[in-house]
Structure formats: C-alpha cells, structure tokens
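What's in coords-v2.txt: compact mmCIF, C-alpha atoms
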```
# COMPACT_ATOMS: atom_id res chain seq x y z
CA MET A 163 30.39 -42.23 6.52
CA LYS A 164 32.33 -39.60 8.44
CA HIS A 165 33.41 -37.88 5.21
CA LEU A 166 29.85 -38.08 3.87
CA GLY A 167 28.50 -36.37 7.02
CA ILE A 168 31.07 -33.55 6.70
CA PHE A 169 30.17 -33.11 3.03
CA ILE A 170 26.44 -32.86 3.78
CA LEU A 171 27.04 -30.37 6.63
CA GLY A 172 29.18 -28.21 4.34
CA ALA A 173 26.55 -28.27 1.61
CA LEU A 174 23.87 -27.16 4.07
CA LEU A 175 26.03 -24.29 5.32
CA LEU A 176 26.73 -23.14 1.76
CA ALA A 177 23.04 -23.29 0.91
CA SER A 178 22.22 -21.29 4.04
CA CYS A 179 24.77 -18.62 3.14
CA ALA A 180 23.44 -18.42 -0.41
CA THR A 181 19.89 -17.99 0.85
CA ASN A 182 20.90 -15.21 3.24
CA LYS A 183 22.78 -13.44 0.46
CA ARG A 184 19.71 -13.47 -1.79
CA ALA A 185 17.53 -12.13 1.02
CA ALA A 186 19.74 -9.18 2.03
CA TYR A 187 18.35 -5.68 1.51
CA ILE A 188 20.24 -2.39 0.99
CA GLN A 189 23.74 -3.78 0.64
CA GLN A 190 26.96 -1.73 0.86
CA VAL A 191 25.30 1.26 2.48
CA GLN A 192 27.32 3.66 4.65
CA THR A 193 26.19 3.21 8.24
CA ASP A 194 25.90 5.76 11.07
CA ILE A 195 25.80 8.68 8.61
CA PRO A 196 22.53 10.65 8.83
CA THR A 197 20.95 11.39 5.45
CA ALA A 198 18.37 14.14 5.03
CA ILE A 199 15.02 13.23 3.45
CA GLU A 200 14.93 15.76 0.60
CA GLN A 201 11.15 15.99 0.21
CA ASP A 202 8.05 15.66 2.34
CA TYR A 203 6.55 12.40 1.04
CA GLN A 204 3.32 12.50 3.03
CA ILE A 205 0.15 11.12 1.48
CA ARG A 206 -1.54 13.96 -0.40
CA ILE A 207 -5.22 14.25 -1.20
CA LYS A 208 -6.28 13.70 -4.78
CA PRO A 209 -9.59 13.46 -6.69
CA LEU A 210 -11.97 10.64 -5.69
CA ASP A 211 -10.37 10.18 -2.26
CA ARG A 212 -12.90 9.76 0.56
CA LEU A 213 -12.29 11.78 3.71
CA THR A 214 -13.83 12.01 7.13
CA VAL A 215 -14.15 15.57 8.42
CA THR A 216 -14.86 16.36 12.07
CA ILE A 217 -15.11 19.94 13.33
CA ASN A 218 -14.96 20.57 17.08
CA SER A 219 -14.94 23.54 19.45
CA LYS A 220 -14.91 24.21 23.18
CA ASP A 221 -18.56 25.10 22.66
CA PRO A 222 -20.13 21.95 21.06
CA GLU A 223 -23.25 23.87 20.05
CA LEU A 224 -21.22 26.18 17.79
CA ALA A 225 -19.51 23.24 16.06
CA ALA A 226 -22.66 21.12 15.65
CA PRO A 227 -23.99 22.80 12.44
CA PHE A 228 -20.70 22.09 10.66
CA ASN A 229 -21.14 18.36 11.30
CA ALA A 230 -24.90 17.78 11.18
CA ALA A 231 -26.25 15.71 8.31
CA SER A 232 -29.42 17.81 8.14
CA SER A 233 -27.42 21.01 7.59
CA TYR A 234 -25.29 19.40 4.92
CA ASN A 235 -28.18 17.90 2.96
CA SER A 236 -30.32 21.03 3.05
CA LEU A 237 -27.48 23.26 1.93
CA ASN A 238 -25.81 21.07 -0.65
CA GLY A 239 -28.05 18.13 -1.49
CA LEU A 240 -25.08 15.97 -2.41
CA SER A 241 -25.42 12.20 -2.44
CA SER A 242 -21.72 11.72 -1.65
CA TYR A 243 -22.32 12.73 1.96
CA SER A 244 -22.92 10.23 4.74
CA SER A 245 -22.72 10.39 8.50
CA SER A 246 -22.35 8.18 11.52
CA SER A 247 -25.27 7.41 13.80
CA ASN A 248 -24.36 10.28 16.13
CA GLY A 249 -24.19 12.79 13.28
CA ASN A 250 -20.64 13.88 14.09
CA LEU A 251 -18.78 12.16 11.26
CA GLN A 252 -18.85 13.43 7.69
CA ILE A 253 -17.56 11.22 4.88
CA LEU A 254 -16.92 13.30 1.78
CA THR A 255 -15.76 12.30 -1.68
CA VAL A 256 -13.27 14.63 -3.34
CA ASP A 257 -14.64 15.53 -6.78
CA LYS A 258 -12.71 15.34 -10.06
CA GLU A 259 -11.58 18.95 -9.64
CA GLY A 260 -10.08 18.17 -6.23
CA LYS A 261 -12.74 19.92 -4.15
CA ILE A 262 -15.15 19.00 -1.36
CA GLN A 263 -18.36 20.61 -0.17
CA LEU A 264 -18.75 21.31 3.54
CA PRO A 265 -21.85 22.35 5.50
CA ILE A 266 -22.06 26.15 5.94
CA ILE A 267 -18.44 26.60 4.78
CA GLY A 268 -19.11 25.61 1.18
CA GLU A 269 -16.53 24.55 -1.40
CA ILE A 270 -12.95 23.86 -0.32
CA ASP A 271 -10.10 23.09 -2.73
CA CYS A 272 -8.02 20.25 -1.24
CA ASP A 273 -6.17 18.72 -4.20
CA GLY A 274 -2.51 18.08 -3.34
CA LEU A 275 -2.86 18.97 0.34
CA THR A 276 -1.93 16.74 3.26
CA ARG A 277 -4.50 15.97 5.98
CA ASN A 278 -2.96 18.55 8.31
CA GLU A 279 -2.80 21.22 5.61
CA LEU A 280 -6.49 20.73 4.78
CA ALA A 281 -7.41 20.85 8.47
CA LYS A 282 -5.55 24.15 8.90
CA LYS A 283 -7.19 25.56 5.78
CA ILE A 284 -10.69 24.75 7.05
CA GLU A 285 -9.87 26.11 10.52
CA ASN A 286 -8.64 29.41 9.02
CA THR A 287 -11.75 29.69 6.83
CA ILE A 288 -14.05 29.20 9.83
CA ARG A 289 -12.09 31.64 11.98
CA GLU A 290 -11.72 34.35 9.31
CA ASN A 291 -15.48 34.31 8.64
CA GLY A 292 -16.23 34.74 12.33
CA MET A 293 -18.14 31.45 12.57
CA VAL A 294 -16.21 29.88 15.46
CA HIS A 295 -13.22 31.48 17.17
CA ASP A 296 -11.57 28.20 18.29
CA PRO A 297 -12.27 25.52 15.60
CA ILE A 298 -10.46 22.20 15.75
CA VAL A 299 -10.64 20.20 12.52
CA ILE A 300 -9.70 16.53 12.24
CA ILE A 301 -9.26 14.97 8.78
CA GLN A 302 -8.88 11.23 8.21
CA PHE A 303 -8.71 9.13 5.07
CA ALA A 304 -11.86 6.99 4.96
CA ASP A 305 -10.64 4.15 2.75
CA VAL A 306 -7.26 4.95 1.19
CA LYS A 307 -5.47 1.75 0.19
CA PHE A 308 -2.53 0.23 -1.66
CA SER A 309 -1.97 -3.30 -3.00
CA VAL A 310 0.94 -5.75 -2.76
CA LEU A 311 0.93 -8.65 -5.22
CA GLY A 312 3.25 -11.39 -6.44
CA GLU A 313 5.79 -13.30 -4.40
CA VAL A 314 4.98 -12.10 -0.87
CA ALA A 315 3.70 -14.11 2.08
CA ARG A 316 0.32 -12.33 2.31
CA PRO A 317 -0.61 -10.59 -0.96
CA GLY A 318 -3.62 -8.31 -0.80
CA GLN A 319 -4.95 -4.80 -0.36
CA PHE A 320 -3.96 -2.78 2.72
CA SER A 321 -5.31 0.39 4.31
CA ILE A 322 -3.11 3.46 4.68
CA THR A 323 -3.25 4.32 8.37
CA LYS A 324 -0.57 7.01 8.59
CA ASP A 325 0.66 9.95 6.53
CA ARG A 326 3.81 8.30 5.22
CA ILE A 327 4.33 4.64 4.26
CA SER A 328 7.54 3.38 2.66
CA LEU A 329 8.03 0.49 0.29
CA PHE A 330 9.53 -1.53 3.15
CA ASP A 331 6.48 -0.77 5.30
CA ALA A 332 4.28 -2.14 2.51
CA LEU A 333 6.35 -5.31 2.14
CA ALA A 334 6.35 -5.83 5.91
CA MET A 335 2.54 -5.56 5.99
CA ALA A 336 2.43 -8.22 3.26
CA GLY A 337 4.68 -10.55 5.27
CA ASP A 338 7.89 -9.86 3.30
CA LEU A 339 9.03 -11.54 0.09
CA THR A 340 8.98 -15.30 -0.27
CA ILE A 341 12.14 -17.18 -1.24
CA TYR A 342 10.87 -17.05 -4.83
CA GLY A 343 10.66 -13.23 -5.05
CA GLN A 344 13.17 -11.28 -7.13
CA ARG A 345 14.58 -8.70 -4.74
CA GLU A 346 16.25 -6.85 -7.60
CA ASN A 347 13.03 -6.61 -9.64
CA VAL A 348 10.18 -5.17 -7.54
CA ALA A 349 7.73 -3.03 -9.50
CA LEU A 350 5.65 -0.12 -8.27
CA ILE A 351 2.70 0.95 -10.43
CA ARG A 352 1.35 4.46 -9.83
CA GLU A 353 -1.46 6.44 -11.43
CA GLU A 354 -1.53 10.22 -11.07
CA ASN A 355 -2.68 13.14 -13.20
CA GLY A 356 -4.17 10.77 -15.75
CA MET A 357 -0.84 8.99 -16.32
CA ARG A 358 0.39 5.53 -15.31
CA THR A 359 4.02 5.02 -14.30
CA VAL A 360 5.85 1.73 -13.62
CA HIS A 361 9.08 1.98 -11.61
CA TYR A 362 11.38 -0.95 -10.78
CA PHE A 363 13.38 -1.25 -7.55
CA ASP A 364 16.46 -3.24 -6.63
CA LEU A 365 15.98 -3.80 -2.89
CA LYS A 366 19.70 -4.46 -2.51
CA ASN A 367 20.69 -1.04 -3.89
CA PRO A 368 20.97 1.73 -1.25
CA ASP A 369 19.83 4.29 -3.87
CA ILE A 370 16.30 3.03 -3.22
CA LEU A 371 16.20 5.23 -0.11
CA THR A 372 16.39 8.44 -2.17
CA SER A 373 13.93 7.39 -4.87
CA PRO A 374 10.76 9.55 -5.19
CA TYR A 375 8.84 6.26 -5.37
CA PHE A 376 10.19 4.90 -2.07
CA TYR A 377 7.21 6.36 -0.20
CA LEU A 378 3.83 5.08 -1.39
CA GLN A 379 0.80 7.05 -2.47
CA GLN A 380 -2.83 5.95 -2.37
CA ASP A 381 -3.80 3.29 -4.95
CA ASP A 382 -0.16 2.30 -5.60
CA VAL A 383 0.39 -1.34 -6.58
CA VAL A 384 3.59 -3.14 -5.52
CA TYR A 385 4.38 -6.27 -7.54
CA VAL A 386 7.15 -8.72 -6.64
CA THR A 387 8.28 -10.68 -9.70
CA PRO A 388 8.82 -14.46 -9.25
CA ASN A 389 12.29 -15.81 -9.98
CA LYS A 390 13.27 -18.74 -12.23
CA TYR A 391 13.10 -21.17 -9.30
CA LYS A 392 9.40 -20.39 -8.90
CA ALA A 393 8.79 -21.04 -12.58
CA GLN A 394 10.67 -24.34 -12.33
CA ALA A 395 8.71 -25.29 -9.20
CA GLU A 396 5.43 -24.65 -11.03
CA ILE A 397 6.63 -26.74 -13.98
CA ASN A 398 7.58 -29.58 -11.64
CA GLN A 399 4.25 -29.29 -9.84
CA ASN A 400 2.34 -29.48 -13.11
CA ARG A 401 4.50 -32.39 -14.25
CA SER A 402 3.82 -34.24 -11.00
CA PHE A 403 0.08 -33.62 -11.41
CA TYR A 404 -0.01 -35.03 -14.93
CA ILE A 405 2.16 -38.01 -13.95
CA SER A 406 -0.25 -38.73 -11.10
CA LEU A 407 -3.19 -38.36 -13.48
CA VAL A 408 -1.65 -40.79 -15.96
CA SER A 409 -0.86 -43.21 -13.13
CA VAL A 410 -4.48 -43.14 -11.97
CA ALA A 411 -5.70 -43.67 -15.54
CA VAL A 412 -3.37 -46.65 -15.99
CA SER A 413 -4.53 -48.13 -12.69
CA VAL A 414 -8.19 -47.74 -13.67
CA ALA A 415 -7.54 -49.27 -17.09
CA THR A 416 -5.69 -52.19 -15.51
CA LEU A 417 -8.56 -52.75 -13.08
CA LEU A 418 -11.13 -52.73 -15.90
CA VAL A 419 -9.11 -55.24 -17.93
CA THR A 420 -8.82 -57.51 -14.89
CA ILE A 421 -12.56 -57.36 -14.18
CA THR A 422 -13.60 -58.05 -17.78
CA ARG A 423 -11.44 -61.15 -18.14
```

As structure tokens, what does this structure read like?
Amino acid sequence: MKHLGIFILGALLLASCATNKRAAYIQQVQTDIPTAIEQDYQIRIKPLDRLTVTINSKDPELAAPFNAASSYNSLNGLSSYSSSSNGNLQILTVDKEGKIQLPIIGEIDCDGLTRNELAKKIENTIRENGMVHDPIVIIQFADVKFSVLGEVARPGQFSITKDRISLFDALAMAGDLTIYGQRENVALIREENGMRTVHYFDLKNPDILTSPYFYLQQDDVVYVTPNKYKAQAEINQNRSFYISLVSVAVSVATLLVTITR
C-alpha cells in the first residue's frame, strides 16, 4: 500500500507538470530587456463604424449648435443621426467612403484616423473657420466590438473600451483558454479593405509580441481551436449518451415483457 501511495502521488505530480507546460505562454523569451513597439497599433476608424461626437467650449452657447439635433437634421437630413435626451450626444455612422457629416461643420474625412486624431482635426476645422476659438472635441466608439470563440471559458462578443487591445487582453476578457484549447493554434480573422485574412498564433512563441496582428482591430474574431482531447471527450460523451439510451430502451422492453406475461 505504501508503494501504491507513492506511485499515485508521483503520477499526480507528473500530470500537474504536464498541464502547466501545456498552459505556458511566451516561452523562452529574454526577460528584463525592453523592446520597442515598432508601430502605433491604436484602433483606427473605418467605414460603418459608429461614433459619438461631443463638442464643448468654455462658452456652452457657442458649442450648442454643433451638438443640437435640430441643427443637424435641418442641415443634413441624415437618418444615421441620433441624440441623447439632453441633445448633447451625436451618434454618427461613418459612410462607405470613410466620412461623417457634422452639424455646421459639414463633411469630415475620418477613415484611418484614431479617435484623438479625428478630435484634433475637428477642433482645427472649427478654430480655422472662426466658429469657436476654444473647441474641445471628444470622440468615442459607440459600439465597436470583437469576438472570441472556441475553447475559452466565456466565448462571446466584447466591446472595445480603449484605443489598444492585445490578443492577450481579448483572451483575458473571455476568461482564458480552457484545458482543451490549442495554445499553438489560435486563429485571428480580420476583414479590412474588402479582404479577409486569417492569421494563426502560437501563444508559446515570443515572436507573437511583434506580430502586426497582436493588437486587435474592430470586428476581429479570435478562434481557439479544440485539441484532440476535446474531440475524444465529445466522442465519449456521445457514446455514454447512446449507451444510456440503449439501457433505457432495454429496461422499458423488459418491463413491457414482464407486464404482458
């Protein structure tokens, strides 16, 4: 019995080590060495995004016409506009050419800009046209999302709440991979400029940190592929279901034979 207990304890420790090894991310990376992020991977505005635009000033009366629903509708007549109950929040849909229509200001090209870049562009337009000398523009994404599917704890669609979200941020929001997820086979599906791209990651490879796909864009889909153990578990589950079904059928048949005797 003593030897059996030692054997079981050793097996559990080996299983634990194996599990930890499968779950490790970014292996064999050089630590304590700063690495520059080569590009600015902030979320950039693209056609069909929905934005909230708020224009403020030290003099609220000067800023009011830029936010009022009545001004917007009378000048543009666009159905894509909506406002909050206090009339200070504009929700605009970027058209297929990457432009939005603003009250008084008119058409603004925003395709490929970040939120801050668009805000500065609108501020400069207002200031240069002598409309308001101290405009403050706040741009927010109204409903920009990404999806995480497959072998994660909480698959679903998630809102983008900041200007830069990494693949690891996305997986954390989805509760991380389950024990059945392939950490060396995580797919990211992206659509941009009328093209669809599928890129595969190995979460254990430190090169992931320099990939242009490491930071997500709006409407990206992250898919974690199930491993062979998941497939086997599903087979066993189905087998157990059919065995139980056959067992019930046999029991019912036996009962009927007993009753009819």

For atom CA of Ala315 of chain A and atom CA of Ile351 of chain A, determine how far apart the two atoms are, in Å to one decimal place. 19.6 Å

Within 8 Å of Arg352 of chain A using all atoms listed in the file, minus same-chain residues under 6 positions, as a VMD selection string: chain A and resid 358 to 360 379 381 to 383

File of the preceding selection, C-alpha atoms, as an mmCIF file, keeping the file's coordinate frame:
```
data_model
loop_
_atom_site.group_PDB
_atom_site.id
_atom_site.type_symbol
_atom_site.label_atom_id
_atom_site.label_comp_id
_atom_site.auth_asym_id
_atom_site.auth_seq_id
_atom_site.Cartn_x
_atom_site.Cartn_y
_atom_site.Cartn_z
ATOM 1 C CA ARG A 358 0.390 5.530 -15.310
ATOM 2 C CA THR A 359 4.020 5.020 -14.300
ATOM 3 C CA VAL A 360 5.850 1.730 -13.620
ATOM 4 C CA GLN A 379 0.800 7.050 -2.470
ATOM 5 C CA ASP A 381 -3.800 3.290 -4.950
ATOM 6 C CA ASP A 382 -0.160 2.300 -5.600
ATOM 7 C CA VAL A 383 0.390 -1.340 -6.580
#
```

Rounded to one decimal in Å, what is the spacing between atom CA of Ser321 of chain A and atom CA of Lys258 of chain A?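 Distance reported for this atom pair: 22.0 Å.
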
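Picture a line from atom CA of Leu311 of chain A to atom CA of Tyr362 of chain A; it runs 14.1 Å.
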
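Using only C-alpha atoms, the nearest neighbour of Ile217 of chain A within the list A:Asp305, A:Glu285, A:Asp369, A:Asp257 is A:Glu285.
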
Within 6 Å of segment 260-263 of chain A, counting all atoms listed in the file, which residues qualify if same-chain residues fewer than 3 places away don't, as a VMD selection string? chain A and resid 209 256 to 257 268 to 273

Let me make sure I understand: among A:Leu280, A:Leu365, A:Leu339, A:Ile421, which one has the smallest atom-to-atom distance to Gln302 of chain A if we use all atoms listed in the file? A:Leu280

Taking 4 positions as the minimum chain separation for residues in the same chain, which residues sit within 7 Å of Asn218 of chain A when counting only C-alpha atoms? Answer as a ChimeraX atom specification. /A:222,225,297-299

Would you mind putting all heavy atoms back on segment 252-263 of chain A and writing the result as a JSON list (two decimals), in the frame of the given file?
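Saved the output as part_18.json:
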```
[["chain", "number", "residue", "atom", "x", "y", "z"],
["A", 252, "GLN", "N", -18.55, 13.21, 9.09],
["A", 252, "GLN", "CA", -18.85, 13.43, 7.69],
["A", 252, "GLN", "C", -17.89, 12.62, 6.83],
["A", 252, "GLN", "O", -16.69, 12.65, 7.07],
["A", 252, "GLN", "CB", -18.70, 14.90, 7.33],
["A", 252, "GLN", "CG", -19.55, 15.84, 8.16],
["A", 252, "GLN", "CD", -19.27, 17.29, 7.80],
["A", 252, "GLN", "OE1", -19.18, 17.62, 6.64],
["A", 252, "GLN", "NE2", -19.14, 18.12, 8.81],
["A", 253, "ILE", "N", -18.40, 11.92, 5.84],
["A", 253, "ILE", "CA", -17.56, 11.22, 4.88],
["A", 253, "ILE", "C", -17.81, 11.88, 3.53],
["A", 253, "ILE", "O", -18.91, 11.81, 2.99],
["A", 253, "ILE", "CB", -17.86, 9.71, 4.82],
["A", 253, "ILE", "CG1", -17.65, 9.08, 6.19],
["A", 253, "ILE", "CG2", -16.95, 9.05, 3.79],
["A", 253, "ILE", "CD1", -17.94, 7.60, 6.23],
["A", 254, "LEU", "N", -16.80, 12.53, 3.00],
["A", 254, "LEU", "CA", -16.92, 13.30, 1.78],
["A", 254, "LEU", "C", -16.03, 12.74, 0.69],
["A", 254, "LEU", "O", -14.90, 12.32, 0.96],
["A", 254, "LEU", "CB", -16.54, 14.76, 2.05],
["A", 254, "LEU", "CG", -17.26, 15.47, 3.19],
["A", 254, "LEU", "CD1", -16.68, 16.85, 3.40],
["A", 254, "LEU", "CD2", -18.75, 15.57, 2.89],
["A", 255, "THR", "N", -16.54, 12.73, -0.52],
["A", 255, "THR", "CA", -15.76, 12.30, -1.68],
["A", 255, "THR", "C", -15.20, 13.52, -2.40],
["A", 255, "THR", "O", -15.95, 14.43, -2.76],
["A", 255, "THR", "CB", -16.63, 11.49, -2.65],
["A", 255, "THR", "OG1", -17.15, 10.35, -1.97],
["A", 255, "THR", "CG2", -15.80, 11.02, -3.84],
["A", 256, "VAL", "N", -13.90, 13.54, -2.60],
["A", 256, "VAL", "CA", -13.27, 14.63, -3.34],
["A", 256, "VAL", "C", -13.69, 14.52, -4.81],
["A", 256, "VAL", "O", -13.57, 13.45, -5.41],
["A", 256, "VAL", "CB", -11.74, 14.56, -3.21],
["A", 256, "VAL", "CG1", -11.08, 15.73, -3.95],
["A", 256, "VAL", "CG2", -11.32, 14.55, -1.75],
["A", 257, "ASP", "N", -14.18, 15.61, -5.39],
["A", 257, "ASP", "CA", -14.64, 15.53, -6.78],
["A", 257, "ASP", "C", -13.46, 15.54, -7.75],
["A", 257, "ASP", "O", -12.29, 15.62, -7.35],
["A", 257, "ASP", "CB", -15.64, 16.65, -7.09],
["A", 257, "ASP", "CG", -15.02, 18.04, -7.04],
["A", 257, "ASP", "OD1", -13.78, 18.18, -7.17],
["A", 257, "ASP", "OD2", -15.77, 19.02, -6.87],
["A", 258, "LYS", "N", -13.76, 15.46, -9.05],
["A", 258, "LYS", "CA", -12.71, 15.34, -10.06],
["A", 258, "LYS", "C", -11.85, 16.59, -10.15],
["A", 258, "LYS", "O", -10.75, 16.54, -10.70],
["A", 258, "LYS", "CB", -13.33, 15.02, -11.42],
["A", 258, "LYS", "CG", -13.97, 13.63, -11.47],
["A", 258, "LYS", "CD", -14.52, 13.33, -12.85],
["A", 258, "LYS", "CE", -15.12, 11.93, -12.90],
["A", 258, "LYS", "NZ", -15.69, 11.62, -14.23],
["A", 259, "GLU", "N", -12.36, 17.70, -9.65],
["A", 259, "GLU", "CA", -11.58, 18.95, -9.64],
["A", 259, "GLU", "C", -10.78, 19.10, -8.35],
["A", 259, "GLU", "O", -10.10, 20.12, -8.14],
["A", 259, "GLU", "CB", -12.51, 20.16, -9.80],
["A", 259, "GLU", "CG", -13.01, 20.37, -11.23],
["A", 259, "GLU", "CD", -14.00, 19.31, -11.66],
["A", 259, "GLU", "OE1", -14.89, 18.96, -10.85],
["A", 259, "GLU", "OE2", -13.89, 18.81, -12.80],
["A", 260, "GLY", "N", -10.85, 18.11, -7.47],
["A", 260, "GLY", "CA", -10.08, 18.17, -6.23],
["A", 260, "GLY", "C", -10.71, 19.00, -5.15],
["A", 260, "GLY", "O", -10.01, 19.57, -4.30],
["A", 261, "LYS", "N", -12.05, 19.08, -5.13],
["A", 261, "LYS", "CA", -12.74, 19.92, -4.15],
["A", 261, "LYS", "C", -13.77, 19.10, -3.38],
["A", 261, "LYS", "O", -14.25, 18.08, -3.84],
["A", 261, "LYS", "CB", -13.43, 21.09, -4.87],
["A", 261, "LYS", "CG", -12.46, 21.99, -5.62],
["A", 261, "LYS", "CD", -13.18, 23.07, -6.39],
["A", 261, "LYS", "CE", -12.19, 23.94, -7.16],
["A", 261, "LYS", "NZ", -12.87, 25.00, -7.95],
["A", 262, "ILE", "N", -14.09, 19.58, -2.17],
["A", 262, "ILE", "CA", -15.15, 19.00, -1.36],
["A", 262, "ILE", "C", -16.13, 20.10, -0.97],
["A", 262, "ILE", "O", -15.78, 21.28, -0.97],
["A", 262, "ILE", "CB", -14.60, 18.31, -0.08],
["A", 262, "ILE", "CG1", -13.75, 19.28, 0.75],
["A", 262, "ILE", "CG2", -13.82, 17.05, -0.43],
["A", 262, "ILE", "CD1", -13.30, 18.70, 2.08],
["A", 263, "GLN", "N", -17.34, 19.68, -0.63],
["A", 263, "GLN", "CA", -18.36, 20.61, -0.17],
["A", 263, "GLN", "C", -18.63, 20.36, 1.31],
["A", 263, "GLN", "O", -18.91, 19.23, 1.70],
["A", 263, "GLN", "CB", -19.65, 20.40, -0.97],
["A", 263, "GLN", "CG", -19.56, 20.82, -2.43],
["A", 263, "GLN", "CD", -19.65, 22.33, -2.62],
["A", 263, "GLN", "OE1", -20.04, 23.05, -1.71],
["A", 263, "GLN", "NE2", -19.27, 22.80, -3.79]]
```
